[in-house]
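Here is the file entry_16.json (JSON, C-alpha atoms).
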```json
[["chain", "number", "residue", "atom", "x", "y", "z"],
["I", 1, "MET", "CA", 131.90, 70.98, 153.23],
["I", 2, "GLN", "CA", 134.49, 68.53, 154.47],
["I", 3, "ASP", "CA", 135.00, 67.33, 150.89],
["I", 4, "LEU", "CA", 135.55, 70.89, 149.69],
["I", 5, "TYR", "CA", 137.98, 71.47, 152.53],
["I", 6, "GLN", "CA", 139.93, 68.30, 151.85],
["I", 7, "GLN", "CA", 140.12, 69.17, 148.16],
["I", 8, "GLY", "CA", 141.61, 72.51, 149.13],
["I", 9, "LEU", "CA", 138.72, 74.47, 147.65],
["I", 10, "VAL", "CA", 137.96, 76.21, 150.91],
["I", 11, "LYS", "CA", 140.50, 77.40, 153.44],
["I", 12, "ALA", "CA", 138.45, 76.72, 156.51],
["I", 13, "ILE", "CA", 134.97, 75.63, 157.51],
["I", 14, "GLY", "CA", 132.74, 77.90, 159.51],
["I", 15, "VAL", "CA", 129.32, 77.28, 160.97],
["I", 16, "ALA", "CA", 126.68, 79.58, 162.36],
["I", 17, "ASN", "CA", 124.20, 79.47, 165.19],
["I", 18, "PHE", "CA", 125.48, 76.26, 166.72],
["I", 19, "TYR", "CA", 124.59, 76.08, 170.40],
["I", 20, "PRO", "CA", 127.04, 74.25, 172.69],
["I", 21, "ASP", "CA", 125.35, 70.85, 172.55],
["I", 22, "ARG", "CA", 125.09, 70.90, 168.76],
["I", 23, "LEU", "CA", 128.65, 72.11, 168.32],
["I", 24, "VAL", "CA", 130.12, 69.38, 170.52],
["I", 25, "ASP", "CA", 128.01, 66.80, 168.69],
["I", 26, "LEU", "CA", 129.21, 68.14, 165.34],
["I", 27, "ILE", "CA", 132.85, 68.09, 166.38],
["I", 28, "ASP", "CA", 132.73, 64.64, 167.94],
["I", 29, "HIS", "CA", 131.11, 63.01, 164.92],
["I", 30, "ASN", "CA", 132.93, 64.65, 162.04],
["I", 31, "GLU", "CA", 136.45, 64.67, 160.74],
["I", 32, "VAL", "CA", 136.96, 68.41, 160.53],
["I", 33, "THR", "CA", 136.39, 70.67, 163.51],
["I", 34, "PRO", "CA", 134.87, 73.92, 162.30],
["I", 35, "ALA", "CA", 137.27, 76.84, 162.54],
["I", 36, "VAL", "CA", 134.60, 79.40, 163.32],
["I", 37, "ASN", "CA", 131.16, 79.48, 164.88],
["I", 38, "GLN", "CA", 129.24, 82.65, 164.16],
["I", 39, "ILE", "CA", 126.61, 83.31, 166.83],
["I", 40, "GLU", "CA", 124.59, 86.16, 168.28],
["I", 41, "THR", "CA", 127.00, 87.99, 170.57],
["I", 42, "HIS", "CA", 126.60, 91.50, 171.97],
["I", 43, "PRO", "CA", 126.63, 93.28, 175.35],
["I", 44, "PHE", "CA", 123.25, 91.81, 176.32],
["I", 45, "PHE", "CA", 124.16, 88.26, 175.28],
["I", 46, "GLN", "CA", 127.88, 87.90, 175.81],
["I", 47, "ARG", "CA", 128.55, 84.16, 175.54],
["I", 48, "GLN", "CA", 131.45, 84.19, 177.99],
["I", 49, "ASP", "CA", 131.06, 80.57, 179.10],
["I", 50, "TYR", "CA", 130.44, 79.37, 175.59],
["I", 51, "GLN", "CA", 133.50, 81.22, 174.34],
["I", 52, "GLN", "CA", 135.54, 79.26, 176.88],
["I", 53, "LEU", "CA", 134.09, 75.96, 175.66],
["I", 54, "MET", "CA", 134.67, 76.91, 172.04],
["I", 55, "GLY", "CA", 138.23, 77.89, 172.87],
["I", 56, "ASP", "CA", 138.80, 74.51, 174.50],
["I", 57, "ARG", "CA", 137.52, 72.89, 171.31],
["I", 58, "GLY", "CA", 139.56, 75.11, 169.00],
["I", 59, "VAL", "CA", 136.63, 77.03, 167.55],
["I", 60, "GLN", "CA", 136.85, 80.79, 167.03],
["I", 61, "LEU", "CA", 133.81, 82.75, 168.19],
["I", 62, "GLU", "CA", 132.56, 85.29, 165.67],
["I", 63, "SER", "CA", 129.78, 87.68, 166.65],
["I", 64, "TRP", "CA", 126.75, 88.46, 164.57],
["I", 65, "GLY", "CA", 124.50, 91.30, 165.64],
["I", 66, "PRO", "CA", 127.22, 93.05, 167.68],
["I", 67, "PHE", "CA", 124.94, 96.05, 168.26],
["I", 68, "ALA", "CA", 121.90, 93.86, 169.00],
["I", 69, "GLU", "CA", 120.38, 95.72, 166.04],
["I", 70, "GLY", "CA", 119.84, 98.61, 168.41],
["I", 71, "ARG", "CA", 117.57, 96.67, 170.74],
["I", 72, "ASN", "CA", 117.46, 97.51, 174.46],
["I", 73, "ASN", "CA", 118.43, 101.04, 173.35],
["I", 74, "LEU", "CA", 122.00, 99.88, 172.94],
["I", 75, "PHE", "CA", 123.11, 103.05, 171.16],
["I", 76, "SER", "CA", 121.99, 105.24, 174.07],
["I", 77, "ASP", "CA", 122.97, 102.85, 176.82],
["I", 78, "PRO", "CA", 124.37, 104.92, 179.71],
["I", 79, "THR", "CA", 127.28, 102.58, 180.50],
["I", 80, "LEU", "CA", 128.43, 102.30, 176.90],
["I", 81, "SER", "CA", 127.89, 106.03, 176.32],
["I", 82, "GLN", "CA", 129.98, 106.96, 179.37],
["I", 83, "ILE", "CA", 132.80, 104.67, 178.35],
["I", 84, "GLY", "CA", 132.70, 106.06, 174.83],
["I", 85, "ALA", "CA", 132.75, 109.64, 176.06],
["I", 86, "ALA", "CA", 135.81, 108.90, 178.19],
["I", 87, "HIS", "CA", 137.71, 107.83, 175.07],
["I", 88, "GLY", "CA", 136.16, 110.16, 172.50],
["I", 89, "LYS", "CA", 134.57, 107.17, 170.79],
["I", 90, "SER", "CA", 131.03, 106.19, 169.83],
["I", 91, "VAL", "CA", 128.97, 103.46, 171.48],
["I", 92, "ALA", "CA", 129.43, 101.35, 168.36],
["I", 93, "GLN", "CA", 133.21, 101.68, 168.59],
["I", 94, "VAL", "CA", 133.15, 100.74, 172.27],
["I", 95, "VAL", "CA", 131.15, 97.59, 171.51],
["I", 96, "LEU", "CA", 133.44, 96.55, 168.67],
["I", 97, "ARG", "CA", 136.53, 97.19, 170.76],
["I", 98, "TRP", "CA", 135.05, 95.26, 173.69],
["I", 99, "LEU", "CA", 134.55, 92.26, 171.40],
["I", 100, "ILE", "CA", 138.04, 92.55, 169.89],
["I", 101, "GLN", "CA", 139.64, 92.74, 173.35],
["I", 102, "ARG", "CA", 137.77, 89.55, 174.18],
["I", 103, "GLU", "CA", 139.28, 87.97, 171.04],
["I", 104, "VAL", "CA", 135.84, 87.72, 169.46],
["I", 105, "ALA", "CA", 135.82, 88.23, 165.70],
["I", 106, "VAL", "CA", 133.11, 90.58, 164.54],
["I", 107, "ILE", "CA", 131.50, 91.64, 161.26],
["I", 108, "PRO", "CA", 129.55, 94.88, 161.62],
["I", 109, "LYS", "CA", 127.25, 95.68, 158.73],
["I", 110, "SER", "CA", 126.71, 99.06, 157.14],
["I", 111, "VAL", "CA", 125.95, 100.49, 153.71],
["I", 112, "ARG", "CA", 127.30, 103.91, 154.67],
["I", 113, "PRO", "CA", 131.02, 104.47, 154.08],
["I", 114, "GLU", "CA", 131.28, 106.87, 157.03],
["I", 115, "ARG", "CA", 129.89, 104.17, 159.31],
["I", 116, "MET", "CA", 132.23, 101.57, 157.83],
["I", 117, "THR", "CA", 135.13, 103.91, 158.56],
["I", 118, "GLU", "CA", 133.91, 104.53, 162.09],
["I", 119, "ASN", "CA", 133.54, 100.80, 162.72],
["I", 120, "PHE", "CA", 137.05, 100.17, 161.45],
["I", 121, "ASP", "CA", 138.57, 102.89, 163.61],
["I", 122, "VAL", "CA", 138.80, 100.93, 166.84],
["I", 123, "PHE", "CA", 142.42, 99.86, 166.89],
["I", 124, "ASP", "CA", 143.72, 102.90, 168.76],
["I", 125, "LEU", "CA", 141.24, 102.34, 171.58],
["I", 126, "GLN", "CA", 142.08, 100.35, 174.68],
["I", 127, "LEU", "CA", 139.35, 99.66, 177.23],
["I", 128, "THR", "CA", 140.47, 99.32, 180.82],
["I", 129, "ASP", "CA", 139.78, 96.22, 182.92],
["I", 130, "GLU", "CA", 137.29, 98.28, 184.88],
["I", 131, "GLU", "CA", 135.47, 99.26, 181.70],
["I", 132, "MET", "CA", 135.50, 95.68, 180.44],
["I", 133, "GLY", "CA", 133.99, 94.68, 183.80],
["I", 134, "ARG", "CA", 131.22, 97.27, 183.54],
["I", 135, "ILE", "CA", 130.26, 95.96, 180.13],
["I", 136, "ALA", "CA", 130.43, 92.37, 181.38],
["I", 137, "ALA", "CA", 127.80, 93.30, 183.96],
["I", 138, "MET", "CA", 125.32, 94.09, 181.15],
["I", 139, "ASP", "CA", 124.96, 90.44, 180.15],
["I", 140, "THR", "CA", 121.42, 89.05, 180.37],
["I", 141, "GLY", "CA", 122.48, 85.60, 179.20],
["I", 142, "ALA", "CA", 119.64, 85.38, 176.73],
["I", 143, "SER", "CA", 119.01, 86.03, 173.04],
["I", 144, "LEU", "CA", 117.28, 89.23, 172.01],
["I", 145, "PHE", "CA", 116.18, 87.69, 168.74],
["I", 146, "PHE", "CA", 114.94, 84.12, 168.60],
["I", 147, "ASP", "CA", 115.62, 80.67, 169.88],
["I", 148, "HIS", "CA", 117.43, 78.48, 167.39],
["I", 149, "ARG", "CA", 116.39, 75.47, 169.44],
["I", 150, "ASP", "CA", 112.67, 76.12, 169.14],
["I", 151, "PRO", "CA", 111.41, 73.48, 166.67],
["I", 152, "GLU", "CA", 108.88, 75.92, 165.23],
["I", 153, "MET", "CA", 111.62, 78.45, 164.51],
["I", 154, "VAL", "CA", 113.96, 75.83, 163.08],
["I", 155, "SER", "CA", 111.22, 74.74, 160.72],
["I", 156, "GLN", "CA", 110.47, 78.32, 159.66],
["I", 157, "ILE", "CA", 114.11, 79.08, 158.91],
["I", 158, "GLY", "CA", 114.65, 75.80, 157.12],
["I", 159, "ASN", "CA", 111.68, 76.30, 154.84],
["I", 160, "ARG", "CA", 112.24, 79.95, 154.05],
["I", 161, "GLY", "CA", 112.60, 80.56, 150.34],
["I", 162, "ASN", "CA", 110.99, 77.26, 149.38],
["V", 1, "MET", "CA", 146.42, 102.30, 165.32],
["V", 2, "SER", "CA", 148.38, 100.03, 167.57],
["V", 3, "ASP", "CA", 147.11, 96.67, 166.38],
["V", 4, "HIS", "CA", 145.60, 97.75, 163.08],
["V", 5, "ASN", "CA", 143.70, 95.02, 161.30],
["V", 6, "ARG", "CA", 144.95, 92.37, 163.63],
["V", 7, "HIS", "CA", 144.26, 88.72, 163.02],
["V", 8, "VAL", "CA", 143.14, 85.67, 164.90],
["V", 9, "THR", "CA", 144.69, 82.30, 164.12],
["V", 10, "LEU", "CA", 142.15, 79.60, 163.36],
["V", 11, "ASN", "CA", 142.53, 75.95, 164.38],
["V", 12, "ASN", "CA", 144.21, 75.02, 161.10],
["V", 13, "GLY", "CA", 146.68, 77.91, 161.16],
["V", 14, "VAL", "CA", 144.70, 80.16, 158.82],
["V", 15, "GLN", "CA", 144.90, 83.81, 159.81],
["V", 16, "MET", "CA", 141.68, 85.81, 159.73],
["V", 17, "PRO", "CA", 141.24, 89.53, 160.41],
["V", 18, "ILE", "CA", 139.39, 89.89, 163.70],
["V", 19, "LEU", "CA", 137.29, 92.71, 162.31],
["V", 20, "GLY", "CA", 135.37, 92.04, 159.13],
["V", 21, "PHE", "CA", 132.44, 93.30, 157.15],
["V", 22, "GLY", "CA", 128.99, 91.76, 157.32],
["V", 23, "VAL", "CA", 126.61, 91.93, 154.39],
["V", 24, "TYR", "CA", 123.66, 90.18, 155.98],
["V", 25, "GLN", "CA", 120.44, 92.15, 155.40],
["V", 26, "ILE", "CA", 122.09, 94.55, 152.97],
["V", 27, "PRO", "CA", 119.72, 94.76, 149.99],
["V", 28, "PRO", "CA", 121.08, 92.77, 147.01],
["V", 29, "ASP", "CA", 121.30, 95.84, 144.79],
["V", 30, "GLN", "CA", 123.53, 97.60, 147.35],
["V", 31, "THR", "CA", 125.80, 94.71, 148.26],
["V", 32, "GLU", "CA", 128.42, 95.16, 145.56],
["V", 33, "GLN", "CA", 128.84, 98.87, 146.29],
["V", 34, "ALA", "CA", 128.98, 98.22, 150.03],
["V", 35, "VAL", "CA", 131.68, 95.58, 149.66],
["V", 36, "THR", "CA", 133.62, 97.82, 147.27],
["V", 37, "ASP", "CA", 133.50, 100.64, 149.83],
["V", 38, "ALA", "CA", 134.50, 98.29, 152.65],
["V", 39, "LEU", "CA", 137.53, 97.06, 150.70],
["V", 40, "ALA", "CA", 138.62, 100.63, 150.01],
["V", 41, "ILE", "CA", 138.40, 101.42, 153.72],
["V", 42, "GLY", "CA", 140.57, 98.44, 154.60],
["V", 43, "TYR", "CA", 138.28, 95.53, 155.41],
["V", 44, "ARG", "CA", 139.77, 92.19, 154.39],
["V", 45, "HIS", "CA", 137.25, 89.77, 155.83],
["V", 46, "SER", "CA", 133.68, 89.47, 154.74],
["V", 47, "THR", "CA", 130.93, 87.02, 155.38],
["V", 48, "PRO", "CA", 127.81, 86.21, 153.39],
["V", 49, "ARG", "CA", 125.61, 85.41, 156.41],
["V", 50, "ARG", "CA", 123.06, 83.64, 154.27],
["V", 51, "ARG", "CA", 120.26, 81.63, 155.69],
["V", 52, "THR", "CA", 120.11, 78.03, 154.63],
["V", 53, "ALA", "CA", 117.50, 77.55, 151.96],
["V", 54, "THR", "CA", 117.10, 81.26, 151.42],
["V", 55, "LYS", "CA", 117.08, 82.63, 147.92],
["V", 56, "ARG", "CA", 120.31, 84.30, 146.95],
["V", 57, "PRO", "CA", 120.45, 87.92, 148.12],
["V", 58, "SER", "CA", 123.32, 88.79, 145.83],
["V", 59, "ALA", "CA", 124.04, 87.96, 142.24],
["V", 60, "GLY", "CA", 125.92, 84.92, 141.13],
["V", 61, "PRO", "CA", 126.22, 81.34, 142.30],
["V", 62, "SER", "CA", 127.65, 80.47, 145.64],
["V", 63, "PRO", "CA", 129.21, 77.27, 146.91],
["V", 64, "PRO", "CA", 127.30, 75.02, 149.28],
["V", 65, "ALA", "CA", 129.57, 76.12, 152.09],
["V", 66, "ALA", "CA", 128.34, 79.70, 151.86],
["V", 67, "SER", "CA", 124.79, 78.75, 152.63],
["V", 68, "LEU", "CA", 125.92, 77.40, 155.97],
["V", 69, "GLY", "CA", 127.64, 80.60, 156.90],
["V", 70, "THR", "CA", 131.37, 80.63, 156.50],
["V", 71, "SER", "CA", 133.84, 83.17, 157.68],
["V", 72, "CYS", "CA", 136.95, 82.29, 155.80],
["V", 73, "LEU", "CA", 135.34, 82.05, 152.42],
["V", 74, "SER", "CA", 133.83, 84.67, 150.22],
["V", 75, "PRO", "CA", 131.35, 83.64, 147.56],
["V", 76, "PRO", "CA", 132.76, 83.48, 144.02],
["V", 77, "SER", "CA", 130.70, 86.49, 143.02],
["V", 78, "PHE", "CA", 132.57, 88.55, 145.57],
["V", 79, "GLY", "CA", 136.06, 87.52, 144.58],
["V", 80, "SER", "CA", 135.65, 87.30, 140.85],
["V", 81, "ARG", "CA", 133.79, 90.56, 140.55],
["V", 82, "MET", "CA", 136.29, 92.38, 142.67],
["V", 83, "ALA", "CA", 139.08, 90.82, 140.68],
["V", 84, "ALA", "CA", 137.45, 91.96, 137.48],
["V", 85, "ARG", "CA", 137.43, 95.52, 138.70],
["V", 86, "THR", "CA", 141.05, 95.61, 139.65],
["V", 87, "ALA", "CA", 144.10, 95.05, 137.49],
["V", 88, "PRO", "CA", 146.20, 92.09, 138.68],
["V", 89, "SER", "CA", 149.25, 94.22, 139.32],
["V", 90, "GLU", "CA", 147.27, 96.65, 141.41],
["V", 91, "ARG", "CA", 145.50, 93.85, 143.20],
["V", 92, "SER", "CA", 148.70, 92.14, 144.21],
["V", 93, "ARG", "CA", 150.28, 95.40, 145.22],
["V", 94, "SER", "CA", 147.65, 96.95, 147.40],
["V", 95, "ARG", "CA", 144.16, 95.51, 147.31],
["V", 96, "TRP", "CA", 145.08, 92.13, 148.68],
["V", 97, "PRO", "CA", 148.31, 92.73, 150.51],
["V", 98, "ASP", "CA", 148.36, 89.53, 152.49],
["V", 99, "SER", "CA", 146.10, 87.18, 150.65],
["V", 100, "ALA", "CA", 147.13, 84.52, 148.20],
["V", 101, "SER", "CA", 143.67, 84.24, 146.72],
["V", 102, "THR", "CA", 141.23, 86.70, 145.22],
["V", 103, "THR", "CA", 138.29, 84.70, 146.44],
["V", 104, "SER", "CA", 139.22, 84.72, 150.07],
["V", 105, "THR", "CA", 140.06, 87.46, 152.49],
["V", 106, "CYS", "CA", 141.82, 85.09, 154.84],
["V", 107, "THR", "CA", 145.43, 84.01, 154.65]]
```
Hey, can you dump this file as structure tokens for me?
Amino acid sequence: MQDLYQQGLVKAIGVANFYPDRLVDLIDHNEVTPAVNQIETHPFFQRQDYQQLMGDRGVQLESWGPFAEGRNNLFSDPTLSQIGAAHGKSVAQVVLRWLIQREVAVIPKSVRPERMTENFDVFDLQLTDEEMGRIAAMDTGASLFFDHRDPEMVSQIGNRGN
Amino acid sequence: MSDHNRHVTLNNGVQMPILGFGVYQIPPDQTEQAVTDALAIGYRHSTPRRRTATKRPSAGPSPPAASLGTSCLSPPSFGSRMAARTAPSERSRSRWPDSASTTSTCT
């Protein structure tokens, strides 16, 4: 990847699912610091401390799974629903806006154009500090999916498709 | 829209839209239509979100970088196929208003 970058064939290098220890190791032992690290980030796993570390190292946090794939009943969560109702926005829009106000890049997925439009329509919304604080209180500090540092899981992912 | 399609600046000065479009877990036969729709709506940042060592979910070859999950790089199939659908004049006028390259959504 560094070769491609230095040849000008890619504009920037991004990585995914690097936990803090691995990211620091990667940065300290390679020429090019990745521009982006894409990691699980949503209201139940907010990555506030890690975002600070990544910022110090010049790495942009990008969220995958911003809606936690609906786990923990995210789409009917009372806090998010109340905040949405106050602004005439959906829970999904509140989550995306919360990430954007935190300067977290985000890539919601949908195959439905109406959903894509809804997800894009978050730039006229401004969450208050109080609302940002209420969402911050939802953090559990843990993944809702799987542990990328579990050797068994690493092996499964690495061998998928072989 | 006060800060419509706003960008973050990456550590090498590249500007990337803060809101992009994810295609991970979209079935391969729906990916092209989904990306086409997303572009029409205004998305200018997409990401392949491929697992390392996973068989390709969408048609066409992809560079090694894509398999590691990049954000500022779209696979060639994305750029070239979109380019093929759009006349150059139209592309430069409206489809890619702030991008120098048809294979990347980042500036």
May I ask you to extract the residues of chain I within 6 Å of chain V, using only C-alpha atoms, and to give them as a list in words?
Met1, Ala12, Gly14, Val15, Ala16, Ala35, Gly58, Ala105, Val106, Ile107, Pro108, Lys109, Val111, Phe123, Asp124, Arg160 and Gly161 of chain I
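Those residues positioned at most 7 Å from (131.9, 88.6, 171.4) are Thr41, His42, Gln46, Arg47, Leu61, Glu62, Ser63, Leu99, Arg102, Val104 and Ala105 of chain I, judged using only C-alpha atoms.
Take CA of Asp129 in chain I and CA of Ile39 in chain I: the distance between them is 24.5 Å.
Interatomic distance, CA of Phe44 in chain I to CA of Val95 in chain I: 10.9 Å.
Atom to atom, CA of Pro34 in chain I and CA of Gly65 in chain I stand 20.5 Å apart.
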Looking at I:Arg134, I:Met54, I:Val122, I:Leu80, which one is nearest to Leu96 in chain I, with distances taken over all atoms listed in the file?
I:Val122
